[in-house]
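J.: So that you have it, the file is final.cif, and it contains mmCIF, C-alpha atoms and all ligand atoms:
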```cif
data_target
loop_
_atom_site.group_PDB
_atom_site.id
_atom_site.type_symbol
_atom_site.label_atom_id
_atom_site.label_comp_id
_atom_site.auth_asym_id
_atom_site.auth_seq_id
_atom_site.Cartn_x
_atom_site.Cartn_y
_atom_site.Cartn_z
ATOM 1 C CA MET A 261 -9.798 -27.670 15.095
ATOM 2 C CA THR A 262 -9.210 -24.292 13.421
ATOM 3 C CA THR A 263 -9.894 -23.742 9.768
ATOM 4 C CA ALA A 264 -7.257 -21.803 7.883
ATOM 5 C CA VAL A 265 -8.633 -18.834 5.936
ATOM 6 C CA ALA A 266 -7.598 -18.917 2.272
ATOM 7 C CA ALA A 267 -5.210 -16.094 1.418
ATOM 8 C CA ILE A 268 -6.620 -13.363 -0.839
ATOM 9 C CA ILE A 269 -3.090 -12.618 -2.101
ATOM 10 C CA GLN A 270 -0.220 -15.017 -2.192
ATOM 11 C CA LEU A 271 3.380 -14.527 -3.235
ATOM 12 C CA ILE A 272 5.227 -17.748 -3.847
ATOM 13 C CA ASP A 273 9.002 -17.598 -4.129
ATOM 14 C CA VAL A 274 8.972 -14.250 -5.943
ATOM 15 C CA HIS A 275 12.308 -13.088 -7.361
ATOM 16 C CA LYS A 276 12.967 -9.736 -9.030
ATOM 17 C CA SER A 277 16.228 -8.147 -10.146
ATOM 18 C CA PHE A 278 17.062 -4.885 -11.888
ATOM 19 C CA ASN A 279 20.296 -4.799 -13.874
ATOM 20 C CA GLY A 280 21.843 -7.490 -11.705
ATOM 21 C CA LEU A 281 20.570 -5.989 -8.436
ATOM 22 C CA GLU A 282 18.554 -8.708 -6.692
ATOM 23 C CA VAL A 283 15.743 -6.840 -4.956
ATOM 24 C CA LEU A 284 13.309 -9.666 -4.192
ATOM 25 C CA ARG A 285 15.007 -12.976 -3.468
ATOM 26 C CA GLY A 286 12.277 -15.520 -2.908
ATOM 27 C CA VAL A 287 9.455 -13.613 -1.231
ATOM 28 C CA ARG A 288 6.755 -15.780 0.341
ATOM 29 C CA LEU A 289 3.767 -13.940 1.717
ATOM 30 C CA ALA A 290 0.113 -14.792 2.282
ATOM 31 C CA ILE A 291 -2.353 -11.961 2.910
ATOM 32 C CA THR A 292 -5.423 -12.818 4.957
ATOM 33 C CA PRO A 293 -8.689 -11.278 3.705
ATOM 34 C CA GLY A 294 -10.269 -8.613 5.879
ATOM 35 C CA GLU A 295 -7.022 -7.788 7.638
ATOM 36 C CA ILE A 296 -4.563 -4.923 7.584
ATOM 37 C CA THR A 297 -1.087 -6.175 6.782
ATOM 38 C CA VAL A 298 1.713 -3.665 7.253
ATOM 39 C CA ILE A 299 4.967 -4.248 5.399
ATOM 40 C CA LEU A 300 8.036 -2.899 7.139
ATOM 41 C CA GLY A 301 11.653 -2.919 6.066
ATOM 42 C CA ARG A 302 14.687 -0.788 5.401
ATOM 43 C CA SER A 303 14.626 2.014 2.868
ATOM 44 C CA GLY A 304 15.383 0.767 -0.622
ATOM 45 C CA GLY A 305 14.701 -2.800 0.464
ATOM 46 C CA GLY A 306 12.073 -3.494 -2.178
ATOM 47 C CA LYS A 307 8.757 -2.781 -0.451
ATOM 48 C CA SER A 308 7.391 -0.652 -3.295
ATOM 49 C CA VAL A 309 8.608 -3.214 -5.821
ATOM 50 C CA LEU A 310 6.742 -5.888 -3.872
ATOM 51 C CA LEU A 311 3.542 -3.807 -3.857
ATOM 52 C CA LYS A 312 3.726 -3.263 -7.621
ATOM 53 C CA HIS A 313 3.834 -7.036 -8.092
ATOM 54 C CA LEU A 314 0.449 -7.345 -6.381
ATOM 55 C CA LEU A 315 -1.145 -5.256 -9.124
ATOM 56 C CA GLY A 316 0.738 -6.867 -11.966
ATOM 57 C CA LEU A 317 2.493 -3.539 -12.632
ATOM 58 C CA MET A 318 5.706 -5.535 -12.300
ATOM 59 C CA SER A 319 6.048 -9.231 -12.951
ATOM 60 C CA PRO A 320 8.416 -11.593 -11.177
ATOM 61 C CA ASP A 321 11.502 -13.016 -12.880
ATOM 62 C CA ARG A 322 10.669 -16.223 -11.074
ATOM 63 C CA GLY A 323 7.863 -17.319 -8.758
ATOM 64 C CA GLN A 324 4.149 -16.590 -8.668
ATOM 65 C CA VAL A 325 1.770 -13.861 -7.604
ATOM 66 C CA GLN A 326 -1.770 -15.056 -6.981
ATOM 67 C CA VAL A 327 -4.635 -12.647 -6.389
ATOM 68 C CA MET A 328 -8.036 -14.074 -5.488
ATOM 69 C CA GLY A 329 -6.853 -17.462 -6.677
ATOM 70 C CA GLN A 330 -5.611 -16.241 -10.069
ATOM 71 C CA ASP A 331 -1.986 -16.422 -11.127
ATOM 72 C CA LEU A 332 -1.329 -12.939 -12.550
ATOM 73 C CA ALA A 333 1.080 -14.384 -15.127
ATOM 74 C CA ASN A 334 -1.878 -16.123 -16.800
ATOM 75 C CA LEU A 335 -3.960 -12.972 -17.207
ATOM 76 C CA SER A 336 -4.188 -10.865 -20.352
ATOM 77 C CA GLU A 337 -3.745 -7.064 -20.119
ATOM 78 C CA LYS A 338 -7.540 -6.742 -20.307
ATOM 79 C CA GLN A 339 -8.047 -9.212 -17.462
ATOM 80 C CA LEU A 340 -5.402 -7.418 -15.407
ATOM 81 C CA PHE A 341 -7.182 -4.118 -16.037
ATOM 82 C CA THR A 342 -10.448 -5.645 -14.783
ATOM 83 C CA LEU A 343 -8.714 -7.118 -11.739
ATOM 84 C CA ARG A 344 -7.121 -3.755 -10.891
ATOM 85 C CA GLN A 345 -10.599 -2.251 -10.539
ATOM 86 C CA ARG A 346 -10.952 -4.320 -7.397
ATOM 87 C CA PHE A 347 -7.948 -2.526 -5.905
ATOM 88 C CA GLY A 348 -7.623 0.974 -4.529
ATOM 89 C CA TYR A 349 -4.051 2.131 -4.477
ATOM 90 C CA LEU A 350 -2.023 5.043 -3.353
ATOM 91 C CA PHE A 351 1.583 5.149 -4.380
ATOM 92 C CA GLN A 352 4.361 6.959 -2.621
ATOM 93 C CA HIS A 353 4.241 10.026 -4.797
ATOM 94 C CA GLY A 354 0.463 9.656 -5.178
ATOM 95 C CA ALA A 355 0.369 11.987 -8.145
ATOM 96 C CA LEU A 356 -2.809 13.893 -8.837
ATOM 97 C CA PHE A 357 -3.578 15.117 -12.325
ATOM 98 C CA ASP A 358 -2.512 18.747 -12.095
ATOM 99 C CA SER A 359 -4.748 19.903 -14.915
ATOM 100 C CA LEU A 360 -7.895 18.478 -13.292
ATOM 101 C CA THR A 361 -9.739 19.959 -10.308
ATOM 102 C CA VAL A 362 -9.832 18.122 -6.993
ATOM 103 C CA GLY A 363 -13.371 16.940 -7.759
ATOM 104 C CA GLU A 364 -12.361 15.671 -11.205
ATOM 105 C CA ASN A 365 -9.345 13.888 -9.724
ATOM 106 C CA VAL A 366 -11.440 12.006 -7.177
ATOM 107 C CA ALA A 367 -14.124 11.283 -9.795
ATOM 108 C CA PHE A 368 -11.557 9.878 -12.223
ATOM 109 C CA PRO A 369 -11.798 6.163 -11.241
ATOM 110 C CA LEU A 370 -15.594 6.390 -11.424
ATOM 111 C CA THR A 371 -15.674 8.033 -14.849
ATOM 112 C CA GLU A 372 -13.100 5.490 -16.084
ATOM 113 C CA HIS A 373 -14.581 2.334 -14.636
ATOM 114 C CA THR A 374 -18.316 2.874 -14.120
ATOM 115 C CA ASP A 375 -21.291 4.103 -16.125
ATOM 116 C CA TRP A 376 -22.675 6.067 -13.190
ATOM 117 C CA HIS A 377 -24.517 9.259 -14.045
ATOM 118 C CA ARG A 378 -23.062 12.637 -13.110
ATOM 119 C CA ALA A 379 -25.134 13.234 -9.975
ATOM 120 C CA ARG A 380 -24.219 9.864 -8.499
ATOM 121 C CA ILE A 381 -20.515 10.468 -9.187
ATOM 122 C CA GLN A 382 -20.695 13.933 -7.641
ATOM 123 C CA ALA A 383 -22.338 12.534 -4.505
ATOM 124 C CA ALA A 384 -19.679 9.814 -4.130
ATOM 125 C CA VAL A 385 -16.884 12.356 -4.639
ATOM 126 C CA ARG A 386 -18.327 14.718 -2.024
ATOM 127 C CA GLU A 387 -18.732 11.883 0.460
ATOM 128 C CA LYS A 388 -15.139 10.686 0.064
ATOM 129 C CA LEU A 389 -13.735 14.202 0.338
ATOM 130 C CA TYR A 390 -15.816 14.720 3.463
ATOM 131 C CA GLN A 391 -14.400 11.489 4.916
ATOM 132 C CA VAL A 392 -10.828 12.698 4.460
ATOM 133 C CA GLY A 393 -11.740 16.033 6.032
ATOM 134 C CA LEU A 394 -11.708 18.057 2.831
ATOM 135 C CA SER A 395 -15.191 19.348 2.170
ATOM 136 C CA GLY A 396 -15.658 22.402 0.000
ATOM 137 C CA ILE A 397 -12.542 22.152 -2.158
ATOM 138 C CA LEU A 398 -14.084 20.418 -5.176
ATOM 139 C CA ASP A 399 -13.151 23.182 -7.588
ATOM 140 C CA LYS A 400 -9.638 23.860 -6.347
ATOM 141 C CA MET A 401 -6.638 22.847 -8.419
ATOM 142 C CA PRO A 402 -4.071 20.429 -6.899
ATOM 143 C CA GLY A 403 -1.372 23.100 -7.258
ATOM 144 C CA ASP A 404 -3.237 25.284 -4.746
ATOM 145 C CA LEU A 405 -3.174 22.640 -1.991
ATOM 146 C CA SER A 406 -0.633 21.786 0.690
ATOM 147 C CA GLY A 407 1.249 18.480 0.455
ATOM 148 C CA GLY A 408 -0.909 16.947 3.177
ATOM 149 C CA MET A 409 -4.107 18.003 1.438
ATOM 150 C CA ARG A 410 -2.905 16.523 -1.851
ATOM 151 C CA LYS A 411 -2.214 13.263 -0.038
ATOM 152 C CA ARG A 412 -5.732 13.215 1.366
ATOM 153 C CA VAL A 413 -7.232 13.922 -2.061
ATOM 154 C CA ALA A 414 -5.211 10.992 -3.420
ATOM 155 C CA LEU A 415 -6.541 8.849 -0.585
ATOM 156 C CA ALA A 416 -10.127 9.884 -1.383
ATOM 157 C CA ARG A 417 -9.476 8.914 -5.015
ATOM 158 C CA ALA A 418 -8.115 5.511 -3.925
ATOM 159 C CA LEU A 419 -11.232 4.846 -1.848
ATOM 160 C CA VAL A 420 -13.899 6.164 -4.190
ATOM 161 C CA LEU A 421 -14.532 2.876 -6.020
ATOM 162 C CA GLU A 422 -14.958 1.165 -2.633
ATOM 163 C CA PRO A 423 -12.437 -1.483 -3.665
ATOM 164 C CA GLU A 424 -11.960 -4.914 -2.083
ATOM 165 C CA ILE A 425 -8.218 -4.538 -1.642
ATOM 166 C CA LEU A 426 -6.386 -1.378 -0.637
ATOM 167 C CA LEU A 427 -2.684 -0.935 -1.302
ATOM 168 C CA PHE A 428 -1.052 2.066 0.305
ATOM 169 C CA ASP A 429 2.597 2.972 -0.074
ATOM 170 C CA GLU A 430 3.512 5.456 2.660
ATOM 171 C CA PRO A 431 0.025 6.946 3.078
ATOM 172 C CA THR A 432 1.087 9.369 5.800
ATOM 173 C CA THR A 433 4.547 10.538 4.738
ATOM 174 C CA GLY A 434 4.678 14.318 4.881
ATOM 175 C CA LEU A 435 1.635 14.656 7.125
ATOM 176 C CA ASP A 436 1.748 16.192 10.585
ATOM 177 C CA PRO A 437 1.176 13.850 13.585
ATOM 178 C CA ILE A 438 -2.472 14.836 13.981
ATOM 179 C CA MET A 439 -3.234 14.293 10.314
ATOM 180 C CA THR A 440 -1.306 10.994 10.443
ATOM 181 C CA THR A 441 -3.629 9.804 13.204
ATOM 182 C CA THR A 442 -6.692 11.038 11.294
ATOM 183 C CA ILE A 443 -5.647 9.233 8.107
ATOM 184 C CA GLY A 444 -4.717 6.115 10.101
ATOM 185 C CA GLU A 445 -8.152 6.088 11.711
ATOM 186 C CA LEU A 446 -9.808 6.651 8.347
ATOM 187 C CA ILE A 447 -7.967 3.671 6.854
ATOM 188 C CA ALA A 448 -8.829 1.464 9.846
ATOM 189 C CA ALA A 449 -12.494 2.552 9.793
ATOM 190 C CA THR A 450 -12.724 1.957 6.025
ATOM 191 C CA VAL A 451 -11.247 -1.531 6.307
ATOM 192 C CA ARG A 452 -13.615 -2.482 9.144
ATOM 193 C CA ARG A 453 -16.712 -0.877 7.586
ATOM 194 C CA LEU A 454 -16.255 -2.243 4.084
ATOM 195 C CA LYS A 455 -14.640 -5.502 5.291
ATOM 196 C CA VAL A 456 -11.822 -5.024 2.820
ATOM 197 C CA THR A 457 -8.209 -6.125 2.872
ATOM 198 C CA ALA A 458 -5.373 -3.623 3.169
ATOM 199 C CA VAL A 459 -1.658 -3.902 2.528
ATOM 200 C CA ILE A 460 0.215 -0.857 3.770
ATOM 201 C CA ILE A 461 3.842 0.157 3.569
ATOM 202 C CA SER A 462 4.822 2.610 6.249
ATOM 203 C CA HIS A 463 7.903 3.950 7.942
ATOM 204 C CA ASP A 464 5.778 5.258 10.770
ATOM 205 C CA LEU A 465 6.102 2.609 13.475
ATOM 206 C CA GLY A 466 3.409 4.200 15.641
ATOM 207 C CA LEU A 467 0.964 4.012 12.757
ATOM 208 C CA ALA A 468 2.081 0.484 11.858
ATOM 209 C CA PHE A 469 1.513 -0.841 15.342
ATOM 210 C CA SER A 470 -1.812 0.940 15.766
ATOM 211 C CA LEU A 471 -3.212 -0.250 12.426
ATOM 212 C CA ALA A 472 -1.761 -3.663 11.734
ATOM 213 C CA ASP A 473 -3.423 -6.997 12.254
ATOM 214 C CA SER A 474 -0.148 -8.460 11.077
ATOM 215 C CA ILE A 475 3.311 -7.142 10.247
ATOM 216 C CA ALA A 476 5.483 -8.572 7.492
ATOM 217 C CA PHE A 477 9.162 -7.657 7.630
ATOM 218 C CA LEU A 478 11.123 -7.537 4.380
ATOM 219 C CA HIS A 479 14.838 -8.048 4.862
ATOM 220 C CA GLN A 480 17.442 -8.711 2.196
ATOM 221 C CA GLY A 481 14.782 -9.606 -0.337
ATOM 222 C CA GLN A 482 12.770 -11.998 1.808
ATOM 223 C CA ILE A 483 9.928 -11.798 4.302
ATOM 224 C CA ILE A 484 11.771 -13.030 7.373
ATOM 225 C CA SER A 485 8.922 -12.438 9.833
ATOM 226 C CA HIS A 486 5.147 -12.249 9.410
ATOM 227 C CA THR A 487 3.246 -12.185 12.633
ATOM 228 C CA ASP A 488 0.930 -10.154 14.886
ATOM 229 C CA PRO A 489 2.262 -6.786 16.129
ATOM 230 C CA GLN A 490 2.837 -8.005 19.688
ATOM 231 C CA SER A 491 4.939 -10.993 18.620
ATOM 232 C CA PHE A 492 6.759 -8.817 16.091
ATOM 233 C CA ARG A 493 7.781 -6.389 18.800
ATOM 234 C CA GLN A 494 9.176 -9.290 20.821
ATOM 235 C CA SER A 495 10.916 -10.925 17.863
ATOM 236 C CA ARG A 496 14.317 -12.377 18.583
ATOM 237 C CA LEU A 497 15.477 -11.804 15.032
ATOM 238 C CA GLU A 498 18.383 -9.378 15.056
ATOM 239 C CA PRO A 499 17.373 -7.456 11.901
ATOM 240 C CA VAL A 500 13.907 -6.892 13.387
ATOM 241 C CA GLN A 501 15.258 -5.568 16.672
ATOM 242 C CA GLN A 502 17.838 -3.450 14.866
ATOM 243 C CA PHE A 503 15.027 -1.948 12.774
ATOM 244 C CA LEU A 504 12.724 -1.350 15.747
ATOM 245 C CA GLN A 505 15.481 0.286 17.751
ATOM 246 C CA GLY A 506 16.748 2.316 14.812
ATOM 247 C CA GLN A 507 20.286 1.036 15.226
ATOM 248 C CA PRO A 508 22.685 1.823 12.406
ATOM 249 C CA ASP A 509 24.642 -0.982 10.739
ATOM 250 C CA ARG A 510 27.783 -2.106 12.583
ATOM 251 C CA LEU A 511 29.980 -1.073 9.663
ATOM 252 C CA GLU A 512 28.770 2.520 9.916
ATOM 253 C CA THR A 513 29.361 2.701 13.666
ATOM 254 C CA ALA A 514 32.819 1.122 13.369
ATOM 255 C CA GLU A 515 33.982 4.033 11.233
ATOM 256 C CA VAL A 516 33.241 6.663 13.876
HETATM 257 N N1 LIG B 601 11.807 0.218 -12.271
HETATM 258 C C1 LIG B 601 12.975 0.040 -11.654
HETATM 259 N N2 LIG B 601 14.115 -0.076 -12.361
HETATM 260 C C2 LIG B 601 15.304 -0.265 -11.766
HETATM 261 N N3 LIG B 601 15.467 -0.341 -10.439
HETATM 262 C C3 LIG B 601 14.366 -0.232 -9.672
HETATM 263 C C4 LIG B 601 13.066 -0.032 -10.233
HETATM 264 N N4 LIG B 601 12.167 0.044 -9.238
HETATM 265 C C5 LIG B 601 12.870 -0.096 -8.084
HETATM 266 N N5 LIG B 601 14.182 -0.274 -8.350
HETATM 267 C C6 LIG B 601 15.236 -0.485 -7.341
HETATM 268 O O1 LIG B 601 14.787 -1.482 -6.439
HETATM 269 C C7 LIG B 601 15.254 -1.199 -5.129
HETATM 270 C C8 LIG B 601 14.093 -1.218 -4.159
HETATM 271 O O2 LIG B 601 13.277 -0.081 -4.374
HETATM 272 P P1 LIG B 601 11.906 0.165 -3.615
HETATM 273 O O3 LIG B 601 11.407 1.487 -4.086
HETATM 274 O O4 LIG B 601 11.012 -0.999 -3.767
HETATM 275 O O5 LIG B 601 12.379 0.253 -2.084
HETATM 276 P P2 LIG B 601 11.502 0.593 -0.799
HETATM 277 O O6 LIG B 601 11.732 -0.503 0.190
HETATM 278 O O7 LIG B 601 10.092 0.867 -1.189
HETATM 279 O O8 LIG B 601 12.228 1.920 -0.305
HETATM 280 P P3 LIG B 601 11.667 3.192 0.502
HETATM 281 O O9 LIG B 601 11.269 2.680 1.850
HETATM 282 O O10 LIG B 601 12.860 4.085 0.566
HETATM 283 O O11 LIG B 601 10.544 3.745 -0.285
HETATM 284 C C9 LIG B 601 15.987 0.143 -5.201
HETATM 285 O O12 LIG B 601 17.375 -0.129 -5.289
HETATM 286 C C10 LIG B 601 15.471 0.749 -6.483
HETATM 287 O O13 LIG B 601 16.428 1.584 -7.066
#
```
Go ahead and express the file in the form of structure tokens.
T.:
Amino acid sequence: MTTAVAAIIQLIDVHKSFNGLEVLRGVRLAITPGEITVILGRSGGGKSVLLKHLLGLMSPDRGQVQVMGQDLANLSEKQLFTLRQRFGYLFQHGALFDSLTVGENVAFPLTEHTDWHRARIQAAVREKLYQVGLSGILDKMPGDLSGGMRKRVALARALVLEPEILLFDEPTTGLDPIMTTTIGELIAATVRRLKVTAVIISHDLGLAFSLADSIAFLHQGQIISHTDPQSFRQSRLEPVQQFLQGQPDRLETAEV
């Protein structure tokens, strides 16, 4: 007999609309602790909206989001703030604070959320920057860095609190293939070393298949497939195959 592992995050029939546009239409998703779950789906399909629900940055019109057994709707702002400290997140346009140095940017979560002394913070910041391959740029300003470097600084900032859950929205967009592999390996190594849980949105199928323990596919506001990468690749669902093969919609092709 196998014992089911309790989900660390659970979305139960989550609905979300914006001005009449139904983006999430009954999302059901259970995230297994200690795994990397990659969320795939068409552009504009609601993946980022879904991710924001996991942090309580957006709340569902209907349905429930449970994180570590707590229904986010029952938490006060203060409790949500405390819960968010257990997450490390990197959003699509992972903005750095332009007026702070790289070192100050990476230190920010530590100065905000811990009472660590300066030397301990500095050591943690140096270690994280080293891990993303960016030693020796502590005093640079974000404006002096390339897009890929800024992304890696944002990643170092997301990891610095050594959080239990990592949420990454397009962590490798704008990076060259070598840097994409490096960042992918860093994420995988971090998840395995710290035994954390990661939920990653990516358009990079190579990265998705190399990283994922499971792939959840968001289509027309619902998760229509959530399975291991191998089974996902062999899915008989038409929207999944269309996505994997990069086929345009029939309507578009009919007009040619
Ligand atoms: N705060 C908001 N107010 C109004 N509409 C929003 C808001 N946030 C997202 N949307 C809309 O929700 C839809 C889904 O957006 P979302 O960014 O989640 O898509 P996505 O799947 O992450 O897309 P991509 O892969 O291109 O990043 C879009 O139509 C977007 O305009």
J.: Would you write out, as a short mmCIF file (atom, residue, chain, number, x, y, z; two decimals) with C-alpha atoms, in the coordinates of the input, every residue that the PyMOL selection byres (((not hetatm)) within 7 of (chain B and resi 601)) captures in this file?
T.:
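Output file expr_13.cif follows:
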```
data_model
loop_
_atom_site.label_atom_id
_atom_site.label_comp_id
_atom_site.auth_asym_id
_atom_site.auth_seq_id
_atom_site.Cartn_x
_atom_site.Cartn_y
_atom_site.Cartn_z
CA PHE A 278 17.06 -4.88 -11.89
CA VAL A 283 15.74 -6.84 -4.96
CA GLY A 301 11.65 -2.92 6.07
CA ARG A 302 14.69 -0.79 5.40
CA SER A 303 14.63 2.01 2.87
CA GLY A 304 15.38 0.77 -0.62
CA GLY A 305 14.70 -2.80 0.46
CA GLY A 306 12.07 -3.49 -2.18
CA LYS A 307 8.76 -2.78 -0.45
CA SER A 308 7.39 -0.65 -3.30
CA VAL A 309 8.61 -3.21 -5.82
CA LEU A 310 6.74 -5.89 -3.87
#
```
J.: Quick one: pull the distance between CA of Asp429 (chain A) and CA of Gln494 (chain A), Å, one decimal.
T.: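 Separation of CA of Asp429 (chain A) and CA of Gln494 (chain A): 25.1 Å.
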J.: Nearest to Met318 (chain A): which of A:Lys388, A:Arg285, A:Lys276, A:Lys338 is it, counting all atoms listed in the file?
T.: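 Answer, going by the shortest atom-to-atom distance: A:Lys276.
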J.: Applied to this file, what does the PyMOL selection byres (((chain A and resi 349) around 7) and not hetatm) return in terms of residues, put as an NGL selection string?
T.: :A and (347-348 or 350-351 or 418 or 426-428)
J.: Near Arg322 (chain A), within 8 Å and counting all atoms listed in the file, which residues show up once chain neighbours fewer than 6 positions away are dropped, as a PyMOL selection string?
T.: chain A and resi 273-276
J.: Grab the residues selected above and save them as a PDB file, in the frame of the given file with C-alpha atoms.
T.:
```pdb
ATOM      1  CA  ASP A 273       9.002 -17.598  -4.129  1.00  0.00           C
ATOM      2  CA  VAL A 274       8.972 -14.250  -5.943  1.00  0.00           C
ATOM      3  CA  HIS A 275      12.308 -13.088  -7.361  1.00  0.00           C
ATOM      4  CA  LYS A 276      12.967  -9.736  -9.030  1.00  0.00           C
TER       5      LYS A 276
END
```
